[in-house]
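> What follows is the file protein-v5.txt, containing compact mmCIF, C-alpha atoms and all ligand atoms:
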```txt
# COMPACT_ATOMS: atom_id res chain seq x y z
CA MET A 6 -18.59 17.97 -2.79
CA LYS A 7 -16.71 18.86 0.39
CA VAL A 8 -13.90 16.62 1.66
CA ALA A 9 -12.30 16.64 5.12
CA VAL A 10 -8.66 15.54 5.33
CA VAL A 11 -7.51 14.20 8.70
CA GLY A 12 -3.76 14.80 9.00
CA ALA A 13 -3.91 17.57 6.40
CA ASN A 14 -0.39 18.79 7.20
CA GLY A 15 1.18 15.31 6.98
CA GLN A 16 3.12 13.77 4.12
CA LEU A 17 0.10 12.29 2.35
CA GLY A 18 -2.39 14.84 3.70
CA THR A 19 -0.52 17.75 2.11
CA ASP A 20 -0.75 16.20 -1.36
CA LEU A 21 -4.37 15.18 -0.82
CA MET A 22 -5.18 18.81 -0.01
CA GLU A 23 -3.40 19.94 -3.15
CA ALA A 24 -5.07 17.37 -5.42
CA LEU A 25 -8.52 18.13 -4.03
CA THR A 26 -8.00 21.87 -4.45
CA ALA A 27 -6.69 21.38 -7.98
CA ALA A 28 -9.86 19.42 -8.79
CA GLY A 29 -11.98 22.34 -7.51
CA ILE A 30 -13.25 20.37 -4.50
CA GLU A 31 -14.00 22.24 -1.29
CA THR A 32 -11.83 21.01 1.60
CA ALA A 33 -11.79 20.97 5.38
CA PRO A 34 -8.14 20.54 6.42
CA LEU A 35 -7.96 18.92 9.87
CA GLY A 36 -4.69 18.97 11.80
CA HIS A 37 -4.09 17.21 15.09
CA ASN A 38 -5.16 20.43 16.88
CA ASP A 39 -8.56 20.19 15.18
CA ILE A 40 -9.30 16.49 15.71
CA GLU A 41 -8.14 13.64 17.94
CA VAL A 42 -9.05 10.42 16.16
CA ALA A 43 -8.65 8.34 19.33
CA GLU A 44 -11.59 10.27 20.89
CA LEU A 45 -15.05 9.62 19.46
CA ASP A 46 -16.42 12.94 20.77
CA SER A 47 -13.68 14.87 19.02
CA VAL A 48 -14.24 13.00 15.75
CA ARG A 49 -18.00 13.46 15.88
CA ALA A 50 -17.74 17.18 16.75
CA SER A 51 -15.31 17.76 13.91
CA LEU A 52 -17.47 16.03 11.30
CA GLU A 53 -20.57 17.82 12.59
CA LEU A 54 -18.80 21.18 12.43
CA HIS A 55 -17.50 20.78 8.87
CA ALA A 56 -20.30 18.57 7.48
CA PRO A 57 -18.15 17.03 4.71
CA ASP A 58 -19.42 14.55 2.13
CA ALA A 59 -16.28 12.44 2.59
CA VAL A 60 -13.47 12.16 5.13
CA LEU A 61 -9.96 10.97 4.26
CA ASN A 62 -8.19 9.51 7.31
CA THR A 63 -4.38 9.71 7.03
CA ALA A 64 -3.75 9.89 10.80
CA ALA A 65 -1.39 7.21 12.05
CA PHE A 66 1.06 6.32 14.77
CA HIS A 67 3.68 4.68 12.61
CA SER A 68 7.16 4.86 14.04
CA MET A 69 7.57 1.10 14.08
CA PRO A 70 9.98 0.67 17.02
CA GLU A 71 7.69 2.91 19.10
CA CYS A 72 4.67 0.89 17.96
CA GLU A 73 6.34 -2.30 19.25
CA ALA A 74 7.05 -0.58 22.58
CA ASP A 75 3.63 1.07 22.91
CA PRO A 76 0.88 -1.12 21.42
CA ARG A 77 -1.79 0.69 23.44
CA ARG A 78 -1.06 4.05 21.78
CA THR A 79 -0.60 2.38 18.39
CA PHE A 80 -4.02 0.74 18.52
CA ALA A 81 -5.61 3.91 19.95
CA VAL A 82 -4.67 5.87 16.84
CA ASN A 83 -4.56 3.27 14.04
CA ALA A 84 -7.44 1.01 15.07
CA VAL A 85 -9.71 2.85 17.55
CA GLY A 86 -9.13 6.01 15.48
CA ALA A 87 -10.38 4.19 12.39
CA LEU A 88 -13.36 2.85 14.35
CA ASN A 89 -14.29 6.34 15.59
CA LEU A 90 -14.15 7.82 12.10
CA ALA A 91 -16.15 4.92 10.68
CA ARG A 92 -18.80 5.23 13.41
CA ALA A 93 -19.18 8.99 13.14
CA ALA A 94 -19.07 8.91 9.33
CA ALA A 95 -21.80 6.24 9.18
CA GLU A 96 -23.98 8.15 11.65
CA LEU A 97 -23.65 11.39 9.71
CA GLY A 98 -23.79 9.95 6.19
CA VAL A 99 -20.18 10.87 5.41
CA ARG A 100 -18.10 8.68 3.07
CA ASN A 101 -15.13 7.19 4.98
CA VAL A 102 -11.70 6.61 3.41
CA TYR A 103 -8.96 4.83 5.43
CA PHE A 104 -5.34 4.63 4.30
CA SER A 105 -3.65 1.33 5.16
CA THR A 106 -0.35 -0.32 4.41
CA ASP A 107 1.55 -3.10 2.60
CA TYR A 108 2.77 -4.12 6.09
CA VAL A 109 -0.45 -6.09 6.63
CA PHE A 110 1.40 -8.87 4.73
CA ASP A 111 4.27 -11.09 5.91
CA GLY A 112 6.05 -11.29 2.56
CA GLY A 113 5.88 -15.07 2.37
CA LYS A 114 4.04 -15.07 -0.97
CA GLY A 115 7.08 -13.73 -2.83
CA GLU A 116 4.95 -12.32 -5.64
CA PRO A 117 2.59 -9.33 -5.76
CA TYR A 118 -0.27 -9.44 -3.26
CA ASP A 119 -3.74 -8.61 -4.51
CA GLU A 120 -6.78 -7.56 -2.52
CA THR A 121 -7.97 -11.16 -2.07
CA ASP A 122 -4.75 -12.36 -0.40
CA ARG A 123 -4.99 -13.12 3.28
CA PRO A 124 -3.11 -10.58 5.43
CA ARG A 125 -0.68 -11.82 8.05
CA PRO A 126 1.12 -8.90 9.69
CA LEU A 127 4.47 -9.39 11.39
CA ASN A 128 4.43 -6.49 13.82
CA VAL A 129 2.26 -4.28 16.05
CA TYR A 130 1.99 -1.53 13.46
CA GLY A 131 0.78 -3.87 10.69
CA THR A 132 -1.65 -5.59 13.04
CA SER A 133 -3.10 -2.25 14.21
CA LYS A 134 -3.58 -1.11 10.60
CA LEU A 135 -5.29 -4.41 9.71
CA ALA A 136 -7.59 -3.86 12.72
CA GLY A 137 -8.23 -0.34 11.40
CA GLU A 138 -9.22 -1.79 8.01
CA ARG A 139 -11.63 -4.28 9.58
CA LEU A 140 -13.20 -1.75 11.93
CA SER A 141 -13.66 0.69 9.04
CA GLU A 142 -15.51 -1.86 6.92
CA VAL A 143 -17.59 -3.22 9.82
CA TYR A 144 -18.75 0.18 11.14
CA ALA A 145 -18.97 2.02 7.80
CA PRO A 146 -19.61 -0.71 5.19
CA ASP A 147 -19.27 1.79 2.35
CA SER A 148 -15.71 2.70 3.40
CA LEU A 149 -12.97 2.88 0.82
CA ILE A 150 -9.77 1.32 2.18
CA LEU A 151 -6.60 2.10 0.25
CA ARG A 152 -3.42 0.14 0.94
CA ILE A 153 -0.34 2.13 0.00
CA SER A 154 3.41 1.42 0.19
CA GLY A 155 6.82 3.08 0.54
CA ILE A 156 5.45 6.61 0.36
CA TYR A 157 7.43 9.81 -0.17
CA GLY A 158 6.24 13.36 -0.71
CA ARG A 159 7.42 16.93 -0.82
CA VAL A 160 6.54 17.29 2.87
CA PRO A 161 8.38 14.74 5.04
CA CYS A 162 6.57 12.22 7.18
CA ARG A 163 5.61 14.23 10.30
CA HIS A 164 6.79 11.63 12.74
CA LYS A 165 10.12 10.80 11.10
CA GLY A 166 10.87 14.33 9.88
CA ALA A 167 12.21 12.76 6.68
CA ASN A 168 11.43 10.45 3.81
CA PHE A 169 13.72 7.85 2.19
CA ILE A 170 15.01 10.38 -0.35
CA THR A 171 15.95 13.08 2.16
CA LYS A 172 17.47 10.33 4.34
CA MET A 173 19.70 9.16 1.46
CA ILE A 174 20.80 12.74 0.74
CA GLU A 175 21.60 13.29 4.41
CA LEU A 176 23.54 10.00 4.75
CA ALA A 177 25.48 10.61 1.51
CA ASP A 178 26.50 13.99 2.87
CA ARG A 179 27.54 12.69 6.29
CA LEU A 180 29.02 9.21 5.77
CA PRO A 181 32.02 7.89 3.79
CA GLU A 182 29.72 5.24 2.26
CA VAL A 183 26.01 4.41 2.42
CA ARG A 184 24.79 0.83 2.93
CA VAL A 185 21.23 -0.10 1.91
CA VAL A 186 19.51 -3.48 1.99
CA THR A 187 18.92 -5.60 -1.09
CA ASP A 188 16.61 -8.13 0.59
CA GLU A 189 13.50 -6.03 1.24
CA VAL A 190 11.40 -5.53 -1.89
CA LEU A 191 8.55 -3.02 -2.20
CA THR A 192 7.03 -0.42 -4.52
CA PRO A 193 8.00 3.16 -3.69
CA THR A 194 5.10 5.49 -4.44
CA PRO A 195 4.92 9.31 -4.37
CA THR A 196 2.06 10.71 -2.31
CA ARG A 197 1.12 12.96 -5.21
CA ALA A 198 0.23 9.92 -7.38
CA ILE A 199 -1.80 8.43 -4.52
CA ALA A 200 -3.56 11.74 -3.92
CA GLU A 201 -4.50 12.28 -7.56
CA LYS A 202 -5.86 8.74 -7.87
CA THR A 203 -7.76 9.06 -4.59
CA VAL A 204 -9.55 12.13 -5.96
CA GLU A 205 -10.43 10.15 -9.11
CA LEU A 206 -11.70 7.26 -6.97
CA LEU A 207 -13.91 9.62 -4.94
CA GLY A 208 -15.57 10.54 -8.22
CA THR A 209 -16.33 6.89 -9.02
CA GLY A 210 -18.05 6.02 -5.74
CA ALA A 211 -15.70 3.03 -5.30
CA THR A 212 -15.98 1.21 -1.96
CA GLY A 213 -14.14 -1.65 -0.28
CA LEU A 214 -10.48 -2.59 -0.25
CA MET A 215 -8.09 -1.46 -3.00
CA HIS A 216 -4.32 -1.55 -3.47
CA LEU A 217 -2.88 1.73 -4.67
CA THR A 218 0.86 1.80 -5.36
CA CYS A 219 3.06 2.53 -8.36
CA GLU A 220 3.64 -0.26 -10.86
CA GLY A 221 6.77 -2.45 -10.67
CA SER A 222 8.97 -3.13 -7.66
CA CYS A 223 12.52 -2.77 -6.36
CA SER A 224 14.67 -3.38 -3.32
CA TRP A 225 15.50 -0.46 -1.03
CA HIS A 226 19.00 -0.65 -2.56
CA GLU A 227 17.64 -0.28 -6.11
CA PHE A 228 15.48 2.62 -4.91
CA ALA A 229 18.59 4.24 -3.39
CA ALA A 230 20.67 3.59 -6.54
CA GLU A 231 18.12 5.46 -8.65
CA ILE A 232 18.23 8.40 -6.22
CA PHE A 233 22.05 8.41 -6.13
CA SER A 234 22.40 8.34 -9.92
CA THR A 235 19.66 10.91 -10.64
CA LEU A 236 20.94 13.34 -8.00
CA ARG A 237 24.58 12.52 -8.82
CA LEU A 238 25.44 11.71 -5.23
CA GLU A 239 29.09 10.66 -5.32
CA THR A 240 29.33 8.82 -2.00
CA PRO A 241 29.73 5.07 -2.63
CA LEU A 242 26.45 3.13 -2.27
CA ARG A 243 27.02 -0.40 -0.95
CA GLU A 244 24.77 -3.45 -0.73
CA ALA A 245 23.71 -4.68 2.70
CA ARG A 246 21.37 -7.30 4.14
CA VAL A 247 18.52 -6.83 6.59
CA ALA A 248 20.46 -8.99 9.06
CA ASP A 249 23.24 -6.36 9.06
CA PHE A 250 20.92 -3.92 10.89
CA PRO A 251 19.47 -5.70 13.94
CA SER A 252 16.04 -4.29 14.81
CA PRO A 253 13.31 -5.01 17.37
CA VAL A 254 10.76 -4.88 14.52
CA ARG A 255 10.09 -7.70 12.07
CA ARG A 256 9.28 -6.39 8.59
CA PRO A 257 8.14 -8.27 5.48
CA HIS A 258 10.99 -8.98 3.05
CA TYR A 259 8.54 -8.68 0.19
CA SER A 260 5.51 -6.37 0.25
CA VAL A 261 4.70 -5.62 -3.37
CA LEU A 262 1.00 -4.92 -3.97
CA ALA A 263 -0.86 -5.60 -7.23
CA ASN A 264 -3.41 -2.91 -8.09
CA THR A 265 -5.82 -5.59 -9.26
CA ARG A 266 -9.06 -3.76 -8.50
CA LEU A 267 -7.79 -0.55 -10.07
CA ALA A 268 -6.94 -2.49 -13.25
CA GLU A 269 -10.56 -3.66 -13.41
CA MET A 270 -11.82 -0.07 -13.36
CA ASP A 271 -11.93 2.30 -16.27
CA LEU A 272 -9.13 4.48 -14.86
CA ALA A 273 -5.54 5.13 -15.97
CA PRO A 274 -3.00 2.85 -14.25
CA MET A 275 -0.61 4.15 -11.62
CA PRO A 276 2.80 5.24 -12.97
CA ASP A 277 5.89 3.01 -12.97
CA TRP A 278 7.87 3.54 -9.72
CA ARG A 279 11.09 4.55 -11.52
CA GLN A 280 9.42 7.12 -13.77
CA ALA A 281 7.44 8.50 -10.83
CA LEU A 282 10.65 8.84 -8.82
CA ARG A 283 12.46 10.61 -11.68
CA ASP A 284 9.55 13.02 -12.08
CA PHE A 285 9.52 13.70 -8.35
CA LEU A 286 13.27 14.32 -8.20
CA ALA A 287 13.12 16.63 -11.22
CA ARG A 288 10.34 18.59 -9.56
CA GLU A 289 11.49 18.68 -5.94
CA HIS A 290 15.27 18.41 -6.24
CA ALA A 291 15.68 20.15 -9.60
CA ALA A 292 18.97 21.85 -8.73
CA ALA A 293 20.64 18.58 -7.72
CA ALA A 294 19.03 16.50 -10.48
CA GLY A 295 19.74 19.10 -13.19
N1 LIG B 301 5.17 6.21 5.46
C1 LIG B 301 4.95 5.14 4.69
O1 LIG B 301 5.84 4.69 3.94
C2 LIG B 301 3.59 4.47 4.67
C3 LIG B 301 3.45 3.26 3.99
C4 LIG B 301 2.20 2.68 3.94
C5 LIG B 301 1.12 3.30 4.54
N2 LIG B 301 1.28 4.47 5.22
C6 LIG B 301 0.09 5.12 5.82
O2 LIG B 301 -0.11 6.36 5.16
C7 LIG B 301 -0.79 7.26 6.01
C8 LIG B 301 -0.16 8.64 5.94
O3 LIG B 301 1.21 8.58 6.35
P1 LIG B 301 2.09 9.91 6.37
O4 LIG B 301 3.50 9.49 6.08
O5 LIG B 301 1.45 10.97 5.57
O6 LIG B 301 1.99 10.31 7.93
P2 LIG B 301 2.44 11.66 8.64
O7 LIG B 301 3.26 12.54 7.77
O8 LIG B 301 3.01 11.27 9.98
O9 LIG B 301 1.03 12.43 8.88
C9 LIG B 301 0.08 11.92 9.77
C10 LIG B 301 -0.87 13.05 10.12
O10 LIG B 301 -1.85 12.56 11.04
C11 LIG B 301 -1.86 13.41 12.21
N3 LIG B 301 -2.17 12.60 13.37
C12 LIG B 301 -1.37 11.69 13.98
N4 LIG B 301 -2.00 11.15 15.04
C13 LIG B 301 -3.23 11.72 15.09
C14 LIG B 301 -4.33 11.58 15.96
N5 LIG B 301 -4.28 10.74 17.01
N6 LIG B 301 -5.44 12.32 15.73
C15 LIG B 301 -5.50 13.19 14.69
N7 LIG B 301 -4.46 13.38 13.83
C16 LIG B 301 -3.34 12.66 14.04
C17 LIG B 301 -0.48 13.99 12.27
O11 LIG B 301 -0.48 15.18 13.04
P3 LIG B 301 0.75 15.47 14.07
O12 LIG B 301 2.01 15.14 13.35
O13 LIG B 301 0.61 16.93 14.39
O14 LIG B 301 0.52 14.57 15.24
C18 LIG B 301 -0.19 14.24 10.79
O15 LIG B 301 -0.81 15.42 10.37
C19 LIG B 301 -0.83 6.58 7.38
O16 LIG B 301 -2.11 6.03 7.57
C20 LIG B 301 0.20 5.48 7.30
O17 LIG B 301 -0.14 4.38 8.14
C21 LIG B 301 2.49 5.08 5.28
```
Now that the file is in, can you turn its structure into structure tokens?

Amino acid sequence: MKVAVVGANGQLGTDLMEALTAAGIETAPLGHNDIEVAELDSVRASLELHAPDAVLNTAAFHSMPECEADPRRTFAVNAVGALNLARAAAELGVRNVYFSTDYVFDGGKGEPYDETDRPRPLNVYGTSKLAGERLSEVYAPDSLILRISGIYGRVPCRHKGANFITKMIELADRLPEVRVVTDEVLTPTPTRAIAEKTVELLGTGATGLMHLTCEGSCSWHEFAAEIFSTLRLETPLREARVADFPSPVRRPHYSVLANTRLAEMDLAPMPDWRQALRDFLAREHAAAAG
């Protein structure tokens, strides 16, 4: 099997490359210089050149304030990009995998969302990703669509240049106290766990929509508290509310996903978020965590 990774140098793409290589799978790493997902010709040429059996699409425009300000660009990458990959993949007999987000939900349910729950995004980003999901399944009906949440990896998100962990370390170093919200609840998930499970799922031939996050849930403040205590950051960590940080972007206050379809398959469950975080910190921030 040969697998192309779109966004191979991104946060998730880097770990996908590593997991595929570790599994002995041939890869075609595609950076933004190699492929422009918003252009069908570029997508088709790239898939023809590399002739993969599957393509994993991690490309996204996902700086949420910029998405609100520039819906045209957001939809060009997240929705039309998904359409182009689905079209070219279907034409060429390539399996299409699209990574989506917990932000397709509005949070109103207040308990974990499973794959049958009706999405209702609150912002341009979430709406563009939902459009990307739909276009993937319409134009490549065998697509695998994986909704992930609160991701962090050893390579920072390309667009933000950071992840939540490096942000907390930077704020703790710079500020007299750090304030983090208690009223947004999610499931932080390391990209390595997503990547390893994605490789397993490729082996099963799974199609359709699946949720793929760690088990359990926490507020951003609980997530931060675990980072502060494990890394022994001494700056005081204070509780805040979403309303304390006015933003042009509406976000769900609750976006926990239930891995219901995964539980129905004969695969190991995803790790608990806290254990996964501790393992990540021990591996990537060993000196501080020691
Ligand atoms: N961050 C989160 O917490 C989160 C949560 C849920 C879901 N997701 C989803 O997870 C996926 C991966 O996120 P990530 O944090 O790994 O992103 P990332 O670090 O920003 O990586 C995205 C990659 O895609 C490339 N790319 C961007 N626009 C492209 C385009 N138009 N054509 C081709 N390549 C393009 C980027 O290249 P350049 O940087 O060189 O442009 C980069 O290599 C995304 O689909 C995102 O929507 C993220």
> Could you list, with a cut-off of 12 Å and counting all atoms listed in the file, the residues of stretch 53-138 of chain A near stretch 220-227 of chain A, each shown with its nearest atom pair and the distance in Å rounded to one decimal, rows sorted by chain and ascending number, as CSV?

```
residue,atom,partner,partner_atom,distance
A:Gly115,CA,A:Ser222,CA,11.8
A:Glu116,CA,A:Ser222,CA,10.2
A:Pro117,CA,A:Ser222,CA,9.1
```
> Rounded to one decimal, what separation in Å do you get between atom CA of A:Ala229 and atom C4 of ligand LIG 301 (chain B)?
18.0 Å
> Can you list, as a list of chain:residue names, every protein, DNA or RNA residue that comes within 7 Å of stretch 256-268 of chain A when you count all atoms listed in the file, leaving out same-chain residues fewer than 3 positions away?
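Listed by chain and then number, they are A:Asp107, A:Tyr108, A:Phe110, A:Asp111, A:Gly112, A:Gly115, A:Pro117, A:Tyr118, A:Asp119, A:Leu127, A:Asp188, A:Glu189, A:Val190, A:Leu191, A:Thr192, A:Met215, A:His216, A:Leu217, A:Thr218, A:Ser222, A:Pro274.
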> Calculated over all atoms listed in the file, which of the candidates A:Val185, A:Val85, A:Val129, A:Ala200 has the smallest distance to A:Gly18?
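Smallest distance to A:Gly18 is found for A:Ala200.
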> Which polymer residues have any atom within 10 Å of an atom of stretch 157-160 of chain A, counting only C-alpha atoms, with same-chain residues fewer than 6 positions away left out, as a ChimeraX atom specification?
/A:14-20,166-171,193-198,282,285-286,288-290
> Go ahead and dump the residues you just picked, C-alpha atoms, as an mmCIF file, in the coordinates of the input.

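File produced: out17.cif:
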```
data_model
loop_
_atom_site.group_PDB
_atom_site.id
_atom_site.type_symbol
_atom_site.label_atom_id
_atom_site.label_comp_id
_atom_site.auth_asym_id
_atom_site.auth_seq_id
_atom_site.Cartn_x
_atom_site.Cartn_y
_atom_site.Cartn_z
ATOM 1 C CA ASN A 14 -0.390 18.790 7.200
ATOM 2 C CA GLY A 15 1.180 15.310 6.980
ATOM 3 C CA GLN A 16 3.120 13.770 4.120
ATOM 4 C CA LEU A 17 0.100 12.290 2.350
ATOM 5 C CA GLY A 18 -2.390 14.840 3.700
ATOM 6 C CA THR A 19 -0.520 17.750 2.110
ATOM 7 C CA ASP A 20 -0.750 16.200 -1.360
ATOM 8 C CA GLY A 166 10.870 14.330 9.880
ATOM 9 C CA ALA A 167 12.210 12.760 6.680
ATOM 10 C CA ASN A 168 11.430 10.450 3.810
ATOM 11 C CA PHE A 169 13.720 7.850 2.190
ATOM 12 C CA ILE A 170 15.010 10.380 -0.350
ATOM 13 C CA THR A 171 15.950 13.080 2.160
ATOM 14 C CA PRO A 193 8.000 3.160 -3.690
ATOM 15 C CA THR A 194 5.100 5.490 -4.440
ATOM 16 C CA PRO A 195 4.920 9.310 -4.370
ATOM 17 C CA THR A 196 2.060 10.710 -2.310
ATOM 18 C CA ARG A 197 1.120 12.960 -5.210
ATOM 19 C CA ALA A 198 0.230 9.920 -7.380
ATOM 20 C CA LEU A 282 10.650 8.840 -8.820
ATOM 21 C CA PHE A 285 9.520 13.700 -8.350
ATOM 22 C CA LEU A 286 13.270 14.320 -8.200
ATOM 23 C CA ARG A 288 10.340 18.590 -9.560
ATOM 24 C CA GLU A 289 11.490 18.680 -5.940
ATOM 25 C CA HIS A 290 15.270 18.410 -6.240
#
```
> How would you write as a PyMOL selection string the residues that get within 12 Å of (-13.6, -3.4, 8.8) in the file's frame, counting only C-alpha atoms?
chain A and resi 84-85+87-92+101-103+105+133-150+212-214
> Grab me every residue within 6 Å of ligand LIG 301 (chain B), counting only C-alpha atoms and all ligand atoms, and send it over as a ChimeraX atom specification.
/A:12-18,36-37,40-43,63-67,82,104-107,153-156,162-164
> Using only C-alpha atoms for the distances, tell me which of A:Thr209, A:Arg125, A:Leu54, A:Trp278 is nearest to A:Gly113.
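Checking each candidate against A:Gly113, we get A:Arg125 as the closest.
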> So which one's closest to A:Asp39, A:Ala230, A:Leu21, A:Ala9, A:Leu61? Using only C-alpha atoms, please.
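Under the stated criterion, the closest residue is A:Ala9.
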> What does the distance from atom CA of A:Glu244 to atom CA of A:Cys72 come to in Å, to one decimal?
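Distance between the two atoms: 27.8 Å.
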> Select, from A:Asp284, A:Glu73, A:Glu182, A:Glu23, the residue with the minimum atom-to-atom distance to A:Thr132, counting all atoms listed in the file.
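Among the listed residues, the smallest separation from A:Thr132 belongs to A:Glu73.
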> Nearest to A:Val254: which of A:Ala33, A:Asp58, A:Asn128, A:Thr26 is it, counting only C-alpha atoms?
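Between A:Ala33, A:Asp58, A:Asn128, A:Thr26, the residue approaching A:Val254 most closely is A:Asn128.
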> Find the distance between atom CA of A:Arg78 and atom CA of A:Val8 and write it in Å to one decimal.
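Rounded to one decimal, the two atoms are 27.0 Å apart.
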> Do you know which residues are at most 7 Å from A:Asp277 counting all atoms listed in the file, after dropping those on the same chain fewer than 2 positions away, and could you put them as a PDB file with C-alpha atoms, keeping the file's coordinate frame?

```pdb
ATOM      1  CA  CYS A 219       3.060   2.530  -8.360  1.00  0.00           C
ATOM      2  CA  GLU A 220       3.640  -0.260 -10.860  1.00  0.00           C
ATOM      3  CA  GLY A 221       6.770  -2.450 -10.670  1.00  0.00           C
ATOM      4  CA  MET A 275      -0.610   4.150 -11.620  1.00  0.00           C
ATOM      5  CA  ARG A 279      11.090   4.550 -11.520  1.00  0.00           C
ATOM      6  CA  GLN A 280       9.420   7.120 -13.770  1.00  0.00           C
ATOM      7  CA  ALA A 281       7.440   8.500 -10.830  1.00  0.00           C
TER       8      ALA A 281
END
```
